[in-house]
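File shown here: target-v5.cif, holding mmCIF, C-alpha atoms.
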data_work
#
loop_
_atom_site.label_atom_id
_atom_site.label_comp_id
_atom_site.auth_asym_id
_atom_site.auth_seq_id
_atom_site.Cartn_x
_atom_site.Cartn_y
_atom_site.Cartn_z
CA MET H 1 -34.27 -43.87 16.50
CA LYS H 2 -30.64 -44.99 16.75
CA LYS H 3 -29.94 -43.50 13.31
CA ILE H 4 -31.39 -40.14 14.34
CA PHE H 5 -29.40 -40.12 17.58
CA PHE H 6 -26.19 -41.07 15.74
CA THR H 7 -26.84 -38.40 13.10
CA LEU H 8 -27.38 -35.75 15.79
CA ILE H 9 -24.11 -36.72 17.48
CA LEU H 10 -22.25 -36.45 14.16
CA ILE H 11 -23.81 -33.06 13.42
CA THR H 12 -22.86 -31.81 16.90
CA ILE H 13 -19.26 -32.97 16.50
CA TYR H 14 -19.06 -31.40 13.04
CA MET H 15 -20.52 -28.08 14.22
CA THR H 16 -18.08 -27.99 17.16
CA GLN H 17 -15.16 -28.53 14.79
CA VAL H 18 -16.43 -25.84 12.39
CA GLN H 19 -16.82 -23.36 15.25
CA ALA H 20 -13.32 -24.12 16.53
CA GLN H 21 -11.85 -23.68 13.05
CA ASN H 22 -13.72 -20.39 12.54
CA SER H 23 -12.32 -19.18 15.86
CA ASP H 24 -8.81 -20.23 14.79
CA VAL H 25 -9.21 -18.40 11.48
CA GLN H 26 -10.10 -15.21 13.37
CA LEU H 27 -7.15 -15.64 15.75
CA ILE H 28 -4.78 -16.31 12.85
CA GLU H 29 -6.07 -13.21 11.04
CA LYS H 30 -5.42 -11.20 14.21
CA THR H 31 -1.82 -12.45 14.32
CA ILE H 32 -1.32 -11.74 10.61
CA ASN H 33 -2.78 -8.24 11.05
CA TYR H 34 -0.12 -7.51 13.69
CA TYR H 35 2.50 -8.35 11.06
CA LEU H 36 0.73 -6.24 8.40
CA ASP H 37 0.48 -3.31 10.84
CA GLY H 38 4.21 -3.58 11.46
CA MET H 39 4.92 -3.51 7.74
CA THR H 40 2.50 -0.75 6.73
CA SER H 41 2.80 1.65 9.66
CA HIS H 42 6.34 0.63 10.63
CA ASN H 43 5.17 -0.30 14.10
CA GLU H 44 8.07 -2.41 15.37
CA ALA H 45 6.14 -3.55 18.47
CA SER H 46 3.58 -5.30 16.24
CA PHE H 47 6.22 -7.78 15.06
CA GLU H 48 6.72 -9.01 18.61
CA LYS H 49 2.97 -9.68 18.85
CA ALA H 50 2.92 -11.58 15.54
CA PHE H 51 6.13 -13.61 15.63
CA HIS H 52 7.63 -16.15 17.99
CA SER H 53 10.95 -14.74 19.25
CA ASN H 54 12.86 -17.49 17.40
CA ALA H 55 10.94 -17.12 14.13
CA THR H 56 12.98 -17.22 10.96
CA MET H 57 12.69 -15.33 7.69
CA LYS H 58 14.04 -16.96 4.53
CA TRP H 59 14.39 -15.83 0.93
CA ILE H 60 16.55 -16.06 -2.18
CA GLU H 61 18.33 -12.91 -3.33
CA ASN H 62 22.03 -13.48 -3.92
CA GLY H 63 21.65 -17.05 -2.76
CA PHE H 64 19.77 -18.50 0.20
CA GLU H 65 19.31 -16.07 3.10
CA GLU H 66 18.00 -16.81 6.62
CA VAL H 67 17.68 -14.41 9.57
CA ASN H 68 15.71 -13.90 12.76
CA ALA H 69 12.41 -12.46 11.52
CA VAL H 70 11.72 -10.00 14.36
CA GLU H 71 15.25 -8.58 14.30
CA ALA H 72 15.37 -8.21 10.50
CA LEU H 73 11.89 -6.70 10.14
CA SER H 74 12.48 -4.30 13.04
CA ALA H 75 15.75 -3.15 11.44
CA TYR H 76 13.94 -2.68 8.10
CA VAL H 77 11.13 -0.51 9.49
CA ASN H 78 13.56 1.53 11.60
CA ALA H 79 15.74 2.26 8.55
CA ASN H 80 12.95 3.13 6.08
CA ASP H 81 9.95 5.42 5.88
CA PRO H 82 6.48 3.89 5.48
CA VAL H 83 5.14 3.80 1.92
CA LYS H 84 1.68 3.19 0.54
CA THR H 85 1.01 -0.54 0.66
CA LYS H 86 -2.01 -2.62 -0.33
CA THR H 87 -2.23 -5.85 1.66
CA SER H 88 -4.30 -8.98 1.23
CA ILE H 89 -4.62 -12.39 2.80
CA MET H 90 -4.75 -14.79 -0.13
CA ALA H 91 -5.18 -18.12 1.69
CA ILE H 92 -5.33 -19.65 5.17
CA ASN H 93 -4.85 -23.37 5.75
CA ILE H 94 -5.20 -24.96 9.19
CA ALA H 95 -4.34 -28.46 10.36
CA GLY H 96 -4.73 -28.81 14.12
CA ASP H 97 -2.16 -26.58 15.83
CA ALA H 98 -0.34 -25.73 12.57
CA ALA H 99 -1.32 -23.29 9.85
CA ASN H 100 0.04 -21.51 6.82
CA VAL H 101 -1.03 -18.21 5.35
CA GLN H 102 -0.25 -16.69 1.96
CA LEU H 103 -0.14 -12.88 1.82
CA GLU H 104 0.51 -10.20 -0.74
CA LEU H 105 1.95 -6.78 0.09
CA GLU H 106 1.63 -4.65 -3.02
CA TYR H 107 3.86 -1.62 -3.57
CA ASP H 108 4.10 0.70 -6.60
CA THR H 109 6.52 -1.41 -8.63
CA PHE H 110 6.47 -4.86 -7.01
CA SER H 111 4.76 -7.16 -4.53
CA TYR H 112 6.05 -9.26 -1.70
CA ILE H 113 4.44 -12.69 -1.64
CA ASP H 114 4.75 -14.00 1.92
CA PHE H 115 4.23 -17.56 3.09
CA MET H 116 3.75 -17.55 6.85
CA HIS H 117 3.89 -20.71 8.92
CA LEU H 118 2.17 -20.51 12.30
CA LEU H 119 1.88 -22.73 15.34
CA LYS H 120 -0.66 -22.48 18.14
CA ILE H 121 1.66 -22.18 21.14
CA ASP H 122 0.00 -22.24 24.57
CA GLY H 123 -3.30 -21.27 22.91
CA THR H 124 -1.84 -18.34 20.93
CA TRP H 125 -1.11 -18.36 17.19
CA LYS H 126 2.45 -17.19 16.45
CA ILE H 127 4.33 -16.95 13.17
CA VAL H 128 7.32 -19.27 13.40
CA SER H 129 8.60 -18.91 9.85
CA LYS H 130 8.26 -16.42 7.02
CA THR H 131 9.37 -17.29 3.51
CA TYR H 132 8.95 -14.71 0.79
CA SER H 133 9.58 -13.82 -2.80
CA THR H 134 9.10 -10.65 -4.82
CA ARG H 135 7.07 -10.27 -7.98
CA PRO H 136 7.38 -7.30 -10.36
CA LYS H 137 4.17 -5.37 -10.83
CA ASN H 138 2.65 -5.57 -14.30
CA ASN H 139 2.28 -2.01 -15.52
CA LYS H 140 -0.31 -1.84 -18.27
CA SER H 141 0.19 1.75 -19.29
#

Now, as a test, write the supplied structure out as structure tokens.
Amino acid sequence: MKKIFFTLILITIYMTQVQAQNSDVQLIEKTINYYLDGMTSHNEASFEKAFHSNATMKWIENGFEEVNAVEALSAYVNANDPVKTKTSIMAINIAGDAANVQLELEYDTFSYIDFMHLLKIDGTWKIVSKTYSTRPKNNKS
């Protein structure tokens, strides 16, 4: 009887953790979709929903670059017209109140590969850091 009771307690704890993680995955996807909306439809307001105000964006172009993510992305969408973009969430990893997400934004000739780092701040998932690289598209024509 003790074994059955103990097993039921373990199953309940496990199911509670699984449900919480599934909820976090959905909330993280919602945050990431704000970012993707900002990038694909050039909706500047979406970046403020996705990113913490002090979030950074880092990359290597002509050396190491680091800027405020919201400011840089807002300037980018305000200076350019939207173009056809295919987006995908490649991976989501969660550890407590921290998570990382790998994304791909595919354009005609290249893709951005984004690595987003998120924290659950006051119950809300926010991107606190974006690191990215570009990858040329393989044209098989």

Query raised in the report: When the PyMOL selection byres ((chain H and resi 52) around 10) is applied to the file above, which residues end up in the set, as a PyMOL selection string?
Result: chain H and resi 47-51+53-56+68-70+118-119+121+125-129

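In this structure, CA of Pro82 in chain H sits 18.9 Å away from CA of Lys137 in chain H.
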
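Using all atoms listed in the file, the nearest neighbour of Asp37 in chain H within the list H:Thr134, H:Thr87, H:Ile92, H:Ala75 is H:Thr87.
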
Query raised in the report: Once the PyMOL selection byres ((chain H and resi 44) around 8) has been applied to the shown file, what residues remain in the selection, as a list of chain:residue names?
Result: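 Selected by the PyMOL selection byres ((chain H and resi 44) around 8) here: H:Gly38, H:His42, H:Asn43, H:Ala45, H:Ser46, H:Phe47, H:Glu48, H:Leu73, H:Ser74, H:Val77, H:Asn78.
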
Query - Distance of CA of Gln102 in chain H from CA of Met39 in chain H, expressed in Å to one decimal place - result: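 Calculated distance between CA of Met39 in chain H and CA of Gln102 in chain H is 15.3 Å.
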
Query raised in the report: With only C-alpha atoms as the basis for distance, which of H:Ser41, H:Glu65, H:Ala72, H:Thr131 is at the shortest distance from Val101 in chain H?
Result: H:Thr131

Query raised in the report: Rounded to one decimal in Å, what is the spacing between CA of Phe110 in chain H and CA of Glu61 in chain H?
Result: 14.8 Å

Report task. With the file shown as input, list the residues that the PyMOL selection byres ((chain H and resi 106) around 12) selects, as a list in words. Result -> Leu36, Met39, Thr40, Val83, Lys84, Thr85, Lys86, Thr87, Ser88, Ile89, Leu103, Glu104, Leu105, Tyr107, Asp108, Thr109, Phe110, Ser111, Tyr112, Ile113, Asp114, Thr134, Arg135, Pro136, Lys137 and Asn138 of chain H

With C-alpha atoms retained, write the just-selected residues as a compact mmCIF listing (two decimals), in the frame of the given file.
# COMPACT_ATOMS: atom_id res chain seq x y z
CA LEU H 36 0.73 -6.24 8.40
CA MET H 39 4.92 -3.51 7.74
CA THR H 40 2.50 -0.75 6.73
CA VAL H 83 5.14 3.80 1.92
CA LYS H 84 1.68 3.19 0.54
CA THR H 85 1.01 -0.54 0.66
CA LYS H 86 -2.01 -2.62 -0.33
CA THR H 87 -2.23 -5.85 1.66
CA SER H 88 -4.30 -8.98 1.23
CA ILE H 89 -4.62 -12.39 2.80
CA LEU H 103 -0.14 -12.88 1.82
CA GLU H 104 0.51 -10.20 -0.74
CA LEU H 105 1.95 -6.78 0.09
CA TYR H 107 3.86 -1.62 -3.57
CA ASP H 108 4.10 0.70 -6.60
CA THR H 109 6.52 -1.41 -8.63
CA PHE H 110 6.47 -4.86 -7.01
CA SER H 111 4.76 -7.16 -4.53
CA TYR H 112 6.05 -9.26 -1.70
CA ILE H 113 4.44 -12.69 -1.64
CA ASP H 114 4.75 -14.00 1.92
CA THR H 134 9.10 -10.65 -4.82
CA ARG H 135 7.07 -10.27 -7.98
CA PRO H 136 7.38 -7.30 -10.36
CA LYS H 137 4.17 -5.37 -10.83
CA ASN H 138 2.65 -5.57 -14.30

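Using only C-alpha atoms, the smallest distance between any of H:Lys120, H:Lys130, H:Lys58, H:Lys30 and Ala95 in chain H comes from H:Lys120.
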
Residues of range 74-99 of chain H within 10 Å of range 24-29 of chain H: nearest atom pair and distance (Å, one decimal) for each, counting all atoms listed in the file, sorted by chain and number, as JSON lines?
{"residue": "H:Ile89", "atom": "CA", "partner": "H:Glu29", "partner_atom": "CA", "distance": 8.4}
{"residue": "H:Ile92", "atom": "CA", "partner": "H:Val25", "partner_atom": "CA", "distance": 7.5}
{"residue": "H:Asn93", "atom": "CA", "partner": "H:Val25", "partner_atom": "CA", "distance": 8.7}
{"residue": "H:Ile94", "atom": "CA", "partner": "H:Val25", "partner_atom": "CA", "distance": 8.0}
{"residue": "H:Gly96", "atom": "CA", "partner": "H:Asp24", "partner_atom": "CA", "distance": 9.5}
{"residue": "H:Asp97", "atom": "CA", "partner": "H:Asp24", "partner_atom": "CA", "distance": 9.3}
{"residue": "H:Ala99", "atom": "CA", "partner": "H:Ile28", "partner_atom": "CA", "distance": 8.3}
